file entry20.csv (CSV, C-alpha atoms and all ligand atoms)
chain,number,residue,atom,x,y,z
T,104,MET,CA,-96.7,49.2,137.7
T,105,SER,CA,-98.0,48.8,134.1
T,106,VAL,CA,-96.8,45.9,131.9
T,107,ARG,CA,-94.3,48.1,130.2
T,108,PHE,CA,-90.5,47.4,130.2
T,109,ARG,CA,-88.5,49.8,132.3
T,110,ALA,CA,-84.8,49.3,132.7
T,111,VAL,CA,-83.5,48.7,136.3
T,112,ASN,CA,-83.5,52.0,138.1
T,113,TRP,CA,-80.0,52.2,139.4
T,114,THR,CA,-80.2,54.4,142.4
T,115,ARG,CA,-77.1,55.3,144.3
T,116,HIS,CA,-78.2,52.9,147.1
T,117,LYS,CA,-78.4,50.0,144.7
T,118,LEU,CA,-75.1,50.8,143.1
T,119,VAL,CA,-73.4,50.9,146.6
T,120,TYR,CA,-75.2,47.6,147.6
T,121,ASP,CA,-74.0,45.9,144.4
T,122,ALA,CA,-70.5,47.2,144.7
T,123,ILE,CA,-70.3,45.8,148.3
T,124,VAL,CA,-71.7,42.4,147.2
T,125,VAL,CA,-69.2,42.2,144.3
T,126,GLY,CA,-66.4,43.2,146.7
T,127,LEU,CA,-67.4,40.5,149.2
T,128,CYS,CA,-67.6,37.9,146.4
T,129,VAL,CA,-64.1,38.7,145.1
T,130,ALA,CA,-62.8,38.7,148.7
T,131,PHE,CA,-64.4,35.3,149.3
T,132,VAL,CA,-62.9,33.7,146.2
T,133,ALA,CA,-59.4,35.3,146.9
T,134,ALA,CA,-59.5,34.1,150.6
T,135,PHE,CA,-60.6,30.6,149.6
T,136,ILE,CA,-57.8,30.2,147.1
T,137,GLY,CA,-55.2,32.0,149.3
T,138,VAL,CA,-56.0,29.8,152.4
T,139,SER,CA,-56.0,26.6,150.3
T,140,LEU,CA,-52.7,27.4,148.7
T,141,ALA,CA,-51.1,28.1,152.1
T,142,ALA,CA,-52.6,24.9,153.5
T,143,TYR,CA,-51.3,22.7,150.7
T,144,PRO,CA,-48.0,24.3,149.6
T,145,ASP,CA,-46.8,21.0,147.9
T,146,ARG,CA,-49.4,20.8,145.2
T,147,GLN,CA,-48.7,21.8,141.6
T,148,PRO,CA,-50.2,25.3,141.2
T,149,ASP,CA,-51.0,24.9,137.4
T,150,GLN,CA,-53.3,21.9,138.3
T,151,TRP,CA,-54.4,23.1,141.8
T,152,ILE,CA,-55.4,26.7,141.0
T,153,PRO,CA,-58.1,25.8,138.4
T,154,THR,CA,-59.5,23.2,140.8
T,155,LEU,CA,-59.5,25.8,143.7
T,156,LEU,CA,-61.2,28.3,141.4
T,157,MET,CA,-64.0,25.8,140.6
T,158,ARG,CA,-64.4,25.0,144.2
T,159,ALA,CA,-64.3,28.6,145.4
T,160,LEU,CA,-67.0,29.6,142.9
T,161,GLY,CA,-69.2,26.6,143.7
T,162,THR,CA,-68.9,27.2,147.4
T,163,LEU,CA,-69.6,30.9,147.0
T,164,ALA,CA,-72.8,30.1,145.0
T,165,LEU,CA,-73.8,27.7,147.7
T,166,VAL,CA,-73.3,30.3,150.4
T,167,LEU,CA,-75.3,32.9,148.4
T,168,LEU,CA,-78.1,30.5,148.0
T,169,HIS,CA,-78.3,29.9,151.8
T,170,VAL,CA,-78.2,33.7,152.4
T,171,ILE,CA,-81.0,34.3,149.9
T,172,LEU,CA,-83.2,31.5,151.4
T,173,ALA,CA,-82.6,32.8,154.9
T,174,ILE,CA,-83.6,36.4,154.2
T,175,GLY,CA,-87.4,35.7,153.9
T,176,PRO,CA,-88.0,34.0,157.2
T,177,LEU,CA,-85.5,36.3,159.0
T,178,ALA,CA,-87.5,39.3,157.8
T,179,ARG,CA,-90.7,37.7,159.0
T,180,LEU,CA,-89.2,37.0,162.4
T,181,SER,CA,-87.6,40.5,163.0
T,182,GLU,CA,-88.0,43.9,161.4
T,183,ARG,CA,-84.2,44.3,161.8
T,184,PHE,CA,-83.7,42.1,158.7
T,185,THR,CA,-86.3,43.8,156.5
T,186,PHE,CA,-83.8,46.0,154.7
T,187,LEU,CA,-82.2,42.8,153.3
T,188,LEU,CA,-85.4,42.1,151.3
T,189,ALA,CA,-85.0,45.3,149.2
T,190,ASN,CA,-82.1,43.9,147.2
T,191,ARG,CA,-82.7,40.2,147.4
T,192,ARG,CA,-83.3,40.0,143.6
T,193,HIS,CA,-79.9,41.5,143.0
T,194,LEU,CA,-78.4,38.8,145.2
T,195,GLY,CA,-80.3,36.2,143.2
T,196,VAL,CA,-78.9,37.5,139.9
T,197,THR,CA,-75.4,37.5,141.5
T,198,LEU,CA,-75.9,33.9,142.6
T,199,PHE,CA,-76.8,32.9,139.0
T,200,LEU,CA,-73.7,34.7,137.6
T,201,VAL,CA,-71.4,33.0,140.2
T,202,ALA,CA,-72.9,29.6,139.5
T,203,LEU,CA,-72.5,30.2,135.8
T,204,LEU,CA,-68.8,31.1,136.2
T,205,HIS,CA,-68.4,27.9,138.3
T,206,ALA,CA,-70.0,25.9,135.5
T,207,LEU,CA,-67.9,27.6,132.8
T,208,VAL,CA,-64.6,27.0,134.6
T,209,VAL,CA,-65.6,23.3,135.2
T,210,THR,CA,-66.6,22.9,131.5
T,211,GLY,CA,-63.4,24.6,130.2
T,212,TRP,CA,-61.2,22.7,132.5
T,213,TYR,CA,-62.7,19.2,132.5
T,214,GLY,CA,-64.2,19.3,129.0
T,215,GLY,CA,-62.0,21.6,127.0
T,216,PHE,CA,-59.1,19.3,126.1
T,217,GLY,CA,-60.7,16.6,124.0
T,218,VAL,CA,-62.4,16.6,120.6
T,219,GLU,CA,-65.9,16.2,122.1
T,220,ASN,CA,-68.2,19.2,122.7
T,221,PRO,CA,-67.0,20.3,126.2
T,222,LEU,CA,-70.5,20.5,127.7
T,223,VAL,CA,-71.2,16.9,126.5
T,224,ALA,CA,-67.8,15.8,127.8
T,225,VAL,CA,-68.6,17.2,131.2
T,226,LEU,CA,-72.3,16.1,131.5
T,227,VAL,CA,-72.3,12.7,129.8
T,228,ARG,CA,-70.3,9.8,131.3
T,229,PRO,CA,-68.0,7.9,128.8
T,230,GLY,CA,-70.2,4.8,128.9
T,231,GLY,CA,-73.4,6.9,128.6
T,232,GLY,CA,-75.6,8.1,131.5
T,233,VAL,CA,-75.1,11.2,133.6
T,234,GLY,CA,-73.6,12.0,137.0
T,235,PHE,CA,-73.6,14.6,139.7
T,236,GLU,CA,-72.6,17.3,137.2
T,237,PHE,CA,-76.0,16.9,135.5
T,238,LEU,CA,-77.8,17.8,138.8
T,239,GLY,CA,-75.7,21.0,138.9
T,240,PHE,CA,-76.6,21.7,135.3
T,241,LEU,CA,-80.4,21.4,136.1
T,242,ALA,CA,-79.9,23.7,139.1
T,243,LEU,CA,-78.2,26.2,136.8
T,244,LEU,CA,-81.2,26.1,134.4
T,245,VAL,CA,-83.6,26.8,137.2
T,246,LEU,CA,-81.4,29.7,138.5
T,247,LEU,CA,-81.3,31.0,134.9
T,248,LEU,CA,-85.1,31.0,134.7
T,249,LEU,CA,-85.4,32.8,138.0
T,250,ALA,CA,-82.7,35.4,137.2
T,251,ALA,CA,-84.2,36.0,133.7
T,252,THR,CA,-87.7,36.7,135.2
T,253,SER,CA,-86.5,38.7,138.2
T,254,HIS,CA,-87.2,42.1,136.6
T,255,ASP,CA,-90.5,43.9,137.6
T,256,PHE,CA,-91.6,43.6,134.0
T,257,TRP,CA,-92.2,39.9,134.5
T,258,LEU,CA,-93.7,40.4,137.9
T,259,ALA,CA,-96.3,42.7,136.3
T,260,PHE,CA,-96.7,40.5,133.2
T,261,LEU,CA,-97.3,37.3,135.2
T,262,GLY,CA,-99.1,38.8,138.2
T,263,PRO,CA,-97.7,38.6,141.8
T,264,ALA,CA,-99.3,35.2,142.6
T,265,ALA,CA,-97.9,33.4,139.4
T,266,TRP,CA,-94.6,35.2,139.7
T,267,LYS,CA,-94.2,34.1,143.4
T,268,ALA,CA,-95.2,30.5,142.5
T,269,LEU,CA,-92.5,30.5,139.7
T,270,HIS,CA,-89.9,31.8,142.1
T,271,MET,CA,-90.7,29.1,144.6
T,272,LEU,CA,-88.6,27.0,142.2
T,273,VAL,CA,-85.6,28.3,144.1
T,274,TYR,CA,-86.3,25.5,146.6
T,275,VAL,CA,-86.0,23.0,143.7
T,276,ALA,CA,-82.7,24.6,142.8
T,277,TYR,CA,-81.6,24.2,146.4
T,278,ALA,CA,-82.5,20.5,146.5
T,279,LEU,CA,-80.6,19.9,143.2
T,280,VAL,CA,-77.6,21.8,144.4
T,281,VAL,CA,-77.5,19.8,147.7
T,282,ALA,CA,-77.7,16.6,145.7
T,283,HIS,CA,-75.0,17.9,143.2
T,284,VAL,CA,-72.6,18.8,146.0
T,285,THR,CA,-73.3,15.7,148.2
T,286,LEU,CA,-72.8,13.2,145.3
T,287,GLY,CA,-69.9,15.2,143.8
T,288,VAL,CA,-67.9,15.6,147.0
T,289,LEU,CA,-68.6,12.1,148.4
T,290,ARG,CA,-67.1,10.9,145.1
T,291,SER,CA,-63.6,12.1,145.9
T,292,GLU,CA,-63.4,13.6,149.4
T,293,THR,CA,-62.9,11.5,152.5
T,294,SER,CA,-63.4,14.6,154.7
T,295,LEU,CA,-66.9,15.1,156.1
T,296,VAL,CA,-66.5,18.9,156.5
T,297,LEU,CA,-68.5,19.9,153.5
T,298,PRO,CA,-71.3,17.4,154.0
T,299,ALA,CA,-71.5,18.5,157.7
T,300,LEU,CA,-71.7,22.1,156.6
T,301,LEU,CA,-74.4,21.2,154.1
T,302,ALA,CA,-76.4,19.4,156.8
T,303,ALA,CA,-76.0,22.4,159.2
T,304,GLY,CA,-77.2,24.8,156.5
T,305,ALA,CA,-80.2,22.7,155.7
T,306,LEU,CA,-81.1,22.4,159.4
T,307,ALA,CA,-80.7,26.2,159.9
T,308,LEU,CA,-82.8,27.0,156.9
T,309,GLY,CA,-85.5,24.4,157.9
T,310,GLY,CA,-85.5,25.8,161.5
T,311,LEU,CA,-85.9,29.4,160.3
T,312,HIS,CA,-88.7,28.6,157.9
T,313,LEU,CA,-90.5,26.6,160.6
T,314,ALA,CA,-90.2,29.4,163.2
T,315,ALA,CA,-91.4,32.0,160.8
T,316,GLY,CA,-94.3,29.8,159.5
T,317,THR,CA,-95.4,28.9,163.1
T,318,ARG,CA,-95.5,32.6,164.1
T,319,GLU,CA,-97.6,33.6,161.1
T,320,LEU,CA,-100.0,30.7,161.7
T,321,LYS,CA,-100.4,31.7,165.4
T,322,ARG,CA,-101.1,35.4,164.4
T,323,ASP,CA,-103.7,34.4,161.8
T,324,ALA,CA,-105.4,32.0,164.3
T,325,ALA,CA,-105.9,34.7,166.9
T,326,THR,CA,-109.6,35.6,167.1
T,327,PRO,CA,-110.2,39.4,167.1
T,328,ASP,CA,-112.7,41.0,169.5
T,329,ARG,CA,-115.8,42.1,167.6
T,330,ALA,CA,-118.7,44.5,168.3
T,331,ASP,CA,-122.3,43.2,167.9
T,332,ASP,CA,-122.4,44.3,164.3
T,333,GLY,CA,-119.2,42.5,163.5
T,334,TRP,CA,-116.7,45.5,163.5
T,335,VAL,CA,-113.3,44.4,164.8
T,336,ASP,CA,-111.7,46.1,167.8
T,337,ILE,CA,-108.2,47.4,167.0
T,338,GLY,CA,-107.5,48.5,170.6
T,339,ASP,CA,-106.4,51.8,172.0
T,340,ALA,CA,-105.3,54.2,169.2
T,341,GLY,CA,-102.8,55.9,171.5
T,342,ASP,CA,-100.7,52.7,171.4
T,343,ILE,CA,-100.0,53.2,167.7
T,344,PRO,CA,-96.8,55.2,167.2
T,345,ASP,CA,-97.2,58.2,165.0
T,346,GLN,CA,-96.5,57.5,161.2
T,347,ARG,CA,-96.6,53.8,161.9
T,348,ALA,CA,-99.4,51.2,161.9
T,349,ARG,CA,-100.9,48.4,163.9
T,350,VAL,CA,-101.7,45.2,161.9
T,351,VAL,CA,-104.9,43.5,162.9
T,352,CYS,CA,-106.0,40.0,161.8
T,353,LEU,CA,-109.6,39.9,160.7
T,354,GLY,CA,-109.9,36.1,160.7
T,355,GLY,CA,-109.5,33.8,157.7
T,356,GLY,CA,-106.0,35.1,157.0
T,357,ALA,CA,-107.1,38.7,156.1
T,358,ARG,CA,-105.1,41.5,157.7
T,359,VAL,CA,-105.6,45.2,157.9
T,360,ALA,CA,-103.0,47.9,158.6
T,361,VAL,CA,-104.3,50.8,160.6
T,362,PHE,CA,-101.9,53.8,160.2
T,363,ARG,CA,-101.7,56.8,162.5
T,364,ASP,CA,-100.9,60.1,160.9
T,365,GLY,CA,-100.7,62.7,163.8
T,366,GLY,CA,-104.2,62.9,165.2
T,367,SER,CA,-106.0,60.7,162.6
T,368,LEU,CA,-106.2,57.1,161.6
T,369,HIS,CA,-106.5,55.4,158.2
T,370,ALA,CA,-106.9,51.7,157.4
T,371,MET,CA,-105.9,49.7,154.3
T,372,SER,CA,-105.1,46.1,153.3
T,373,ASN,CA,-101.8,44.9,154.8
T,374,ILE,CA,-100.9,43.1,151.6
T,375,CYS,CA,-98.7,45.0,149.1
T,376,SER,CA,-99.7,44.6,145.5
T,377,HIS,CA,-96.1,44.2,144.5
T,378,GLN,CA,-95.1,40.9,146.1
T,379,GLY,CA,-97.5,40.7,149.1
T,380,GLY,CA,-95.2,42.5,151.5
T,381,PRO,CA,-96.6,43.6,154.9
T,382,ILE,CA,-97.4,47.3,154.4
T,383,GLY,CA,-98.3,47.7,158.0
T,384,GLU,CA,-94.7,47.0,159.0
T,385,GLY,CA,-93.6,50.1,157.0
T,386,GLU,CA,-94.2,53.8,157.8
T,387,ILE,CA,-95.9,56.9,156.3
T,388,ILE,CA,-93.6,58.8,154.0
T,389,ASP,CA,-94.9,61.8,152.1
T,390,GLY,CA,-98.4,61.0,153.1
T,391,CYS,CA,-98.1,57.4,151.8
T,392,ALA,CA,-97.9,54.1,153.6
T,393,THR,CA,-94.6,52.8,152.3
T,394,CYS,CA,-94.1,49.0,152.0
T,395,PRO,CA,-90.9,48.0,153.9
T,396,TRP,CA,-89.9,45.4,151.3
T,397,HIS,CA,-89.2,47.4,148.2
T,398,GLY,CA,-90.8,50.8,148.9
T,399,TYR,CA,-94.1,50.7,147.0
T,400,GLN,CA,-96.3,53.5,148.2
T,401,TYR,CA,-100.1,53.9,148.8
T,402,ASN,CA,-101.8,57.1,149.7
T,403,ILE,CA,-103.2,56.6,153.2
T,404,ALA,CA,-106.5,58.4,152.2
T,405,ASP,CA,-107.5,56.0,149.3
T,406,GLY,CA,-104.9,53.2,148.9
T,407,THR,CA,-103.7,54.4,145.5
T,408,SER,CA,-100.1,54.7,144.5
T,409,PRO,CA,-98.9,58.2,143.7
T,410,PRO,CA,-98.5,59.0,139.9
T,411,PRO,CA,-97.1,57.8,137.7
T,412,TYR,CA,-97.8,54.5,139.4
T,413,THR,CA,-101.3,52.9,139.2
T,414,GLU,CA,-101.5,50.3,141.9
T,415,LYS,CA,-104.5,50.3,144.2
T,416,ILE,CA,-105.2,48.3,147.3
T,417,PRO,CA,-108.5,47.9,149.3
T,418,THR,CA,-109.2,50.4,152.1
T,419,TYR,CA,-111.3,49.9,155.2
T,420,GLU,CA,-113.7,52.0,157.2
T,421,LEU,CA,-112.9,53.0,160.8
T,422,ARG,CA,-115.0,54.3,163.7
T,423,VAL,CA,-114.6,55.1,167.4
T,424,ARG,CA,-116.9,53.6,169.9
T,425,GLY,CA,-116.5,54.2,173.7
T,426,GLY,CA,-112.9,55.4,173.1
T,427,ARG,CA,-112.0,52.2,171.2
T,428,VAL,CA,-111.2,52.2,167.5
T,429,GLN,CA,-113.0,49.6,165.4
T,430,VAL,CA,-112.6,48.6,161.8
T,431,ASN,CA,-115.3,47.3,159.4
T,432,PRO,CA,-114.0,43.8,158.3
T,433,GLU,CA,-115.6,44.3,154.8
T,434,PRO,CA,-113.0,45.8,152.5
T,435,ASN,CA,-113.8,48.7,150.2
T,436,ALA,CA,-112.9,48.3,146.5
T,437,PRO,CA,-109.2,49.0,145.8
T,438,GLY,CA,-108.6,52.7,145.7
T,439,THR,CA,-111.8,53.8,147.5
T,440,PRO,CA,-111.3,57.1,149.5
T,441,THR,CA,-112.1,56.9,153.2
T,442,GLN,CA,-112.8,59.5,155.8
T,443,PRO,CA,-109.9,59.7,158.4
T,444,VAL,CA,-111.0,59.0,161.9
T,445,SER,CA,-109.8,61.3,164.7
T,446,ILE,CA,-108.0,59.7,167.6
T,447,PRO,CA,-109.9,60.3,170.9
T,448,SER,CA,-108.3,63.2,172.6
T,449,ASP,CA,-107.2,61.3,175.7
T,450,ALA,CA,-105.2,58.9,173.5
T,451,ASN,CA,-103.4,61.6,171.6
T,452,SER,CA,-100.7,62.4,174.1
T,453,GLU,CA,-99.2,58.9,174.1
T,454,HIS,CA,-96.5,57.8,171.6
T,455,ALA,CA,-97.1,60.9,169.4
T,456,GLY,CA,-94.1,62.4,167.7
J,1,LIG,C1,-73.6,23.1,134.5
J,1,LIG,C2,-73.6,23.2,135.9
J,1,LIG,C3,-72.6,22.6,136.8
J,1,LIG,C4,-71.5,21.7,136.6
J,1,LIG,C5,-71.1,21.1,135.3
J,1,LIG,C6,-70.9,21.6,137.8
J,1,LIG,C7,-69.8,20.7,138.0
J,1,LIG,C8,-69.1,20.6,139.2
J,1,LIG,C9,-67.9,19.8,139.4
J,1,LIG,C10,-67.2,19.0,138.2
J,1,LIG,C11,-67.5,19.9,140.6
J,1,LIG,C12,-66.3,19.2,141.3
J,1,LIG,C13,-65.1,20.2,141.2
J,1,LIG,C14,-63.9,19.6,141.8
J,1,LIG,O1,-63.8,19.5,143.0
J,1,LIG,O2,-63.0,19.1,141.0
J,1,LIG,C15,-68.5,20.7,141.3
J,1,LIG,C16,-68.4,21.0,142.6
J,1,LIG,C17,-69.3,21.9,143.3
J,1,LIG,N1,-70.3,22.6,142.7
J,1,LIG,FE1,-70.9,22.4,140.8
J,1,LIG,N2,-71.5,22.3,138.8
J,1,LIG,C18,-72.5,23.0,138.2
J,1,LIG,C19,-73.4,23.8,138.8
J,1,LIG,C20,-73.4,24.2,140.2
J,1,LIG,C21,-74.3,25.1,140.8
J,1,LIG,C22,-75.5,25.7,140.1
J,1,LIG,C23,-73.9,25.2,142.1
J,1,LIG,C24,-74.5,26.0,143.3
J,1,LIG,C25,-75.4,26.9,143.2
J,1,LIG,C26,-72.7,24.3,142.3
J,1,LIG,C27,-72.0,24.2,143.5
J,1,LIG,C28,-70.9,23.4,143.6
J,1,LIG,C29,-70.2,23.2,144.9
J,1,LIG,C30,-70.6,23.9,146.2
J,1,LIG,C31,-69.2,22.3,144.7
J,1,LIG,C32,-68.2,21.7,145.7
J,1,LIG,C33,-67.1,22.6,145.9
J,1,LIG,C34,-66.0,22.0,146.8
J,1,LIG,O3,-65.6,20.8,146.6
J,1,LIG,O4,-65.6,22.7,147.7
J,1,LIG,N3,-72.5,23.7,141.1
J,1,LIG,N4,-69.4,21.1,140.4
J,2,LIG,S1,-93.7,43.7,148.4
J,2,LIG,FE1,-92.4,44.8,147.2
J,2,LIG,S2,-92.8,46.8,147.7
J,2,LIG,FE2,-94.2,45.7,148.8

call {"tool": "encode", "arguments": {"input": "entry20.csv", "output": "structure tokens"}}
result
Amino acid sequence: MSVRFRAVNWTRHKLVYDAIVVGLCVAFVAAFIGVSLAAYPDRQPDQWIPTLLMRALGTLALVLLHVILAIGPLARLSERFTFLLANRRHLGVTLFLVALLHALVVTGWYGGFGVENPLVAVLVRPGGGVGFEFLGFLALLVLLLLAATSHDFWLAFLGPAAWKALHMLVYVAYALVVAHVTLGVLRSETSLVLPALLAAGALALGGLHLAAGTRELKRDAATPDRADDGWVDIGDAGDIPDQRARVVCLGGGARVAVFRDGGSLHAMSNICSHQGGPIGEGEIIDGCATCPWHGYQYNIADGTSPPPYTEKIPTYELRVRGGRVQVNPEPNAPGTPTQPVSIPSDANSEHAG
């Protein structure tokens, strides 16, 4: 995309997704408050309901943060979760808004009754210094930065690498939130339920990231079979399902996606120019390899995005030797047209259609 601001394209799919997310958030807060009221019928509702609202919104923000952090490794581990990536940024903005509501209710309730500025009253201890609330405040600032730069304009303006590095700050937000909740809850609660849930969440997220990372490293470490002149064997073309791709590691972390379109093959970089998504895990739609993460498309003949888009990715040359398909590991310049390679006739019958 060019560095020109375009408002969010509200497709029907996105509207339905957002409506479901908002519905689930409202249901979560209502259930949290309803169950707590039923569990503690003796408490004064005028004191108890604002506290429950603060807690419900804080807990919801925490849950959303875990879901967002789990989506990336889940999608790396199984294609079944790939669809969750498409709207992850909407989920991130929802997280920020929920956390902001939590902070506003806290500030109004704990800071709104004195003569002092409510934010100062909440963040600064009477004798000076700050407490666990300040860690929540810092986390909120990080979430604000991420939500504000989540639009594609900022992705194009900063470039995918810098944008991705900036959005890695979500892990800083996570650490700040964990510290905020641990210190805040341990201050008043004797129950270990929330700390135990936090520890379980951290272990689950750590385990998922470790499993996904190990799998990627193993894939990249695999040494491909090479012909004498260095071309890399991609195996039997008949094994590639029609309109899908096989991803081959070329060594040194480079990956190529070899797509099958009926009886012919085309090769291009596996790395999407949007956010580095795995193009080869997508499929051919309207003659274009379509990235499974957010739907960016690249013409299979030359690696260029269809107009009005202007992205280009490197293409690769293919050839057939002794019935085996091979790829030249040297990439062509982004957007270079390539000749399609016909699949050997004995391979055509398998997996086609
Ligand atoms: C300006 C920013 C923030 C302030 C001033 C703040 C303040 C507070 C306060 C005072 C409490 C204790 C509420 C009570 O039980 O009486 C609390 C709890 C909590 N906060 Fe925050 N917070 C902020 C940001 C955040 C953020 C960004 C998150 C998560 C993304 C978060 C998640 C939570 C959670 C999970 C709890 C515990 C809820 C429970 O006890 O069930 N907070 N916060
Ligand atoms: S990474 Fe977003 S479309 Fe490919």

call {"tool": "closest_atom_pairs", "arguments": {"input": "entry20.csv", "of": "chain T", "to": "ligand LIG 2 (chain J)", "cutoff": "8 Å", "atoms": "only C-alpha atoms and all ligand atoms", "output": "CSV"}}
result
residue,atom,partner,partner_atom,distance
T:Ala189,CA,J:LIG2,FE1,7.7
T:Ile374,CA,J:LIG2,FE2,7.7
T:Cys375,CA,J:LIG2,FE2,4.6
T:Ser376,CA,J:LIG2,FE2,6.5
T:His377,CA,J:LIG2,S1,4.6
T:Gln378,CA,J:LIG2,S1,3.9
T:Gly379,CA,J:LIG2,S1,4.9
T:Gly380,CA,J:LIG2,S1,3.6
T:Pro381,CA,J:LIG2,FE2,6.9
T:Ile382,CA,J:LIG2,FE2,6.6
T:Thr393,CA,J:LIG2,S2,7.8
T:Cys394,CA,J:LIG2,FE2,4.6
T:Pro395,CA,J:LIG2,FE2,6.5
T:Trp396,CA,J:LIG2,S2,4.8
T:His397,CA,J:LIG2,S2,3.7
T:Gly398,CA,J:LIG2,S2,4.6
T:Tyr399,CA,J:LIG2,S2,4.2
T:Gln400,CA,J:LIG2,S2,7.6

call {"tool": "atom_distance", "arguments": {"input": "entry20.csv", "atom1": "atom C2 of ligand LIG 1 (chain J)", "atom2": "CA of Leu243 in chain T"}}
result
5.6 Å

call {"tool": "residues_near_ligand", "arguments": {"input": "entry20.csv", "ligand": "ligand LIG 1 (chain J)", "cutoff": "6 Å", "atoms": "all atoms listed in the file", "output": "JSON, numbers by chain"}}
result
{"T": [154, 157, 158, 161, 162, 164, 165, 202, 206, 209, 236, 239, 240, 242, 243, 280, 284, 287, 288]}

call {"tool": "atom_distance", "arguments": {"input": "entry20.csv", "atom1": "CA of Ser294 in chain T", "atom2": "CA of Leu238 in chain T"}}
result
21.7 Å

call {"tool": "residues_near_point", "arguments": {"input": "entry20.csv", "point": "(-78.6, 39.9, 142.7)", "cutoff": "12 Å", "atoms": "all atoms listed in the file", "output": "JSON, numbers by chain"}}
result
{"T": [111, 117, 118, 120, 121, 122, 123, 124, 125, 128, 164, 167, 168, 170, 171, 187, 188, 189, 190, 191, 192, 193, 194, 195, 196, 197, 198, 199, 200, 201, 246, 249, 250, 251, 253, 254]}
